[in-house]
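Chemist: This is the structure I want to talk about, given as structure tokens.
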Amino acid sequence: MNIIDDLISSLNFDVIVKDIRQGVFHTGVLTRYCGLAATLPKDALRQNPPMVKEPGYLMEKTVRELASMAYSESIMEASIGMATINSLIEIDESRCVELNAADLIMEKGKDKRVTIVGHFPFIPRIRENSKEVWVIEKNPQDEGDLDEAEADRCIPLSDVVAITGTSITNHTLDHLLDLCAPGAYVILLGDSAPLSTVLFDGRIDAVSGTRVADPELVLKCVSQGANYRQIKGIKKLTMKKDMH
């Protein structure tokens, strides 16, 4: 939980909760800004109900209480916590570039060994570009996906490691970072990934995340069942530890 501790300790909670939306695929919370996180329905449905303990009353919680839901063992509650954390981050856009995670992985992973934690649509492009690609996926989507237990074998062998931001939500990120070789280039990606420089205090070299430009439109998309590709009103930004 060290990552969540570090994120929460960096936030200013002097703000009110304005809206909470939890769709099938994504969760949105509006406080100072609008923050997103993946809802992870397949993982959530494996857990015992109730998946959210106080639906209908979450707006009565303080922002700090909502952010602390990121610690919850309930995936749906933890996604509300992560969306709240992302809604509070003062993103320094001067440190960001409009760069898709796939392009960064292509650049850093050319002719190298790459592990990607999470199944993403761009994986075929990475396979064509890299020496070897291992895809670790909790819910395997094709025969090339490896079970999550294979992370312990593949990640230490990799030159580039790209990890889904949902690893914070399901509390696996700290372990995955411990597996990374000292010289590996480590990327955190996806709409759950916080665009916070706090993450650069550890093993992460770059964060490819999401800045909500149009909160009203984004929250409509979330509550109407949009998947990530269908969400309008966002900017995909990448922030690097080394700005060069």
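Ordering of the structure tokens sets the chain letters (A, B, ...); residue numbers start at 1 within each chain; ligands are numbered from 1 in the order shown.
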Mind running range 165-189 of chain A against range 210-222 of chain A at 12 Å and telling me each contacting residue's nearest atom pair with the distance in Å (one decimal), counting only C-alpha atoms, chain and number ascending, as JSON lines?

Modeler:
{"residue": "A:Gly165", "atom": "CA", "partner": "A:Thr210", "partner_atom": "CA", "distance": 10.9}
{"residue": "A:Leu188", "atom": "CA", "partner": "A:Thr210", "partner_atom": "CA", "distance": 11.7}
{"residue": "A:Leu189", "atom": "CA", "partner": "A:Thr210", "partner_atom": "CA", "distance": 9.1}

Chemist: Which neighbours of Asp178 in chain A fall inside 10 Å, counting only C-alpha atoms, when residues of the same chain fewer than 3 positions from it are skipped, and could you give them as a PDB file with N, CA and C atoms, in the first residue's frame?

Modeler:
ATOM      1  N   ASP A 152       6.290 -13.124 -11.922  1.00  0.00           N
ATOM      2  CA  ASP A 152       7.517 -13.337 -11.146  1.00  0.00           C
ATOM      3  C   ASP A 152       8.661 -13.845 -12.021  1.00  0.00           C
ATOM      4  N   ILE A 155       8.973 -10.472 -15.473  1.00  0.00           N
ATOM      5  CA  ILE A 155       9.346  -9.085 -15.205  1.00  0.00           C
ATOM      6  C   ILE A 155      10.840  -8.917 -14.914  1.00  0.00           C
ATOM      7  N   PRO A 156      11.471  -9.797 -14.112  1.00  0.00           N
ATOM      8  CA  PRO A 156      12.904  -9.603 -13.850  1.00  0.00           C
ATOM      9  C   PRO A 156      13.784  -9.737 -15.097  1.00  0.00           C
ATOM     10  N   LEU A 173       0.602  -3.363  -7.311  1.00  0.00           N
ATOM     11  CA  LEU A 173       1.680  -2.588  -7.919  1.00  0.00           C
ATOM     12  C   LEU A 173       2.985  -2.679  -7.142  1.00  0.00           C
ATOM     13  N   ASP A 174       2.936  -2.581  -5.834  1.00  0.00           N
ATOM     14  CA  ASP A 174       4.179  -2.607  -5.055  1.00  0.00           C
ATOM     15  C   ASP A 174       4.976  -3.883  -5.331  1.00  0.00           C
ATOM     16  N   HIS A 175       4.282  -5.020  -5.396  1.00  0.00           N
ATOM     17  CA  HIS A 175       4.961  -6.290  -5.675  1.00  0.00           C
ATOM     18  C   HIS A 175       5.541  -6.295  -7.089  1.00  0.00           C
ATOM     19  N   ALA A 181      13.876  -5.349 -12.805  1.00  0.00           N
ATOM     20  CA  ALA A 181      15.339  -5.312 -12.763  1.00  0.00           C
ATOM     21  C   ALA A 181      15.801  -3.873 -12.564  1.00  0.00           C
ATOM     22  N   PRO A 182      16.960  -3.670 -11.919  1.00  0.00           N
ATOM     23  CA  PRO A 182      17.437  -2.314 -11.620  1.00  0.00           C
ATOM     24  C   PRO A 182      17.500  -1.387 -12.837  1.00  0.00           C
ATOM     25  N   ARG A 203      10.281   3.356  -8.371  1.00  0.00           N
ATOM     26  CA  ARG A 203      10.843   2.692  -9.546  1.00  0.00           C
ATOM     27  C   ARG A 203      10.209   3.118 -10.865  1.00  0.00           C
TER      28      ARG A 203
END

Chemist: Which range 17-43 of chain A residues have any atom within 6 Å of an atom of range 80-89 of chain A, and for each, what is the nearest pair of atoms with distance in Å to one decimal, counting only C-alpha atoms, rows sorted by chain and number, as CSV?

Modeler:
residue,atom,partner,partner_atom,distance
A:Gly28,CA,A:Ala83,CA,5.8
A:Val29,CA,A:Thr84,CA,5.5
A:Thr31,CA,A:Ser87,CA,5.9
A:Arg32,CA,A:Leu88,CA,5.7
A:Tyr33,CA,A:Ser87,CA,4.8
A:Cys34,CA,A:Ser87,CA,4.6
A:Gly35,CA,A:Ser87,CA,3.8
A:Leu36,CA,A:Ala83,CA,4.5
A:Ala37,CA,A:Ala83,CA,4.8

Chemist: Apply DSSP to the structure's backbone, then extract all residues of range 117-190 of chain A labelled alpha helix (DSSP H) and return them as a PyMOL selection string.

Modeler: chain A and resi 123-129+151-154+166-169+173-179

Chemist: Could you tell me how far CA of Leu157 in chain A lies from CA of Met106 in chain A, in Å and to one decimal?

Modeler: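 According to the coordinates, CA of Leu157 in chain A and CA of Met106 in chain A are separated by 17.8 Å.
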
Chemist: Please return, as a list in words, all residues of range 107-154 of chain A that DSSP assigns to strand (DSSP E) on the basis of the backbone.

Modeler: Arg113, Val114, Thr115, Ile116, Val117, Glu132, Val133, Trp134, Val135, Ile136, Asp145 and Leu146 of chain A

Chemist: Could you check the closest approach to Arg229 in chain A for each of A:Lys110, A:Lys53, A:His26, A:Arg21 and tell me which residue wins, using only C-alpha atoms?

Modeler: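 Closest to Arg229 in chain A of all the choices is A:His26.
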
Chemist: Do a neighbour search on Val117 in chain A at 7 Å with only C-alpha atoms, toss out local chain neighbours closer than 2 positions, and write the hits as a PyMOL selection string.

Modeler: chain A and resi 115+119+135-137+162-164

Chemist: Could you give me, as a PDB file with N, CA and C atoms, in the first residue's frame, the residues within 6 Å of Met239 in chain A, counting only C-alpha atoms and dropping anything in the same chain fewer than 4 positions from it?

Modeler:
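Full text of selection13.pdb as output:
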ATOM      1  N   ARG A  95       5.085  19.484 -17.456  1.00  0.00           N
ATOM      2  CA  ARG A  95       5.912  18.278 -17.408  1.00  0.00           C
ATOM      3  C   ARG A  95       5.348  17.153 -18.275  1.00  0.00           C
ATOM      4  N   CYS A  96       4.236  17.432 -18.944  1.00  0.00           N
ATOM      5  CA  CYS A  96       3.557  16.391 -19.718  1.00  0.00           C
ATOM      6  C   CYS A  96       3.681  16.637 -21.216  1.00  0.00           C
ATOM      7  N   ALA A 206       7.939   6.633 -16.038  1.00  0.00           N
ATOM      8  CA  ALA A 206       6.976   7.423 -16.820  1.00  0.00           C
ATOM      9  C   ALA A 206       5.562   6.999 -16.462  1.00  0.00           C
ATOM     10  N   VAL A 207       4.649   7.965 -16.514  1.00  0.00           N
ATOM     11  CA  VAL A 207       3.223   7.685 -16.306  1.00  0.00           C
ATOM     12  C   VAL A 207       2.463   8.177 -17.527  1.00  0.00           C
TER      13      VAL A 207
END

Chemist: How far is it from CA of Gly209 in chain A to CA of Asp191 in chain A, in Å with one decimal?

Modeler: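 Atom-to-atom, CA of Gly209 in chain A to CA of Asp191 in chain A, that is 5.2 Å.
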
Chemist: Tell me, in Å to one decimal, how far CA of Gly118 in chain A is from CA of Asp43 in chain A.

Modeler: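 Interatomic distance, CA of Gly118 in chain A to CA of Asp43 in chain A: 13.0 Å.
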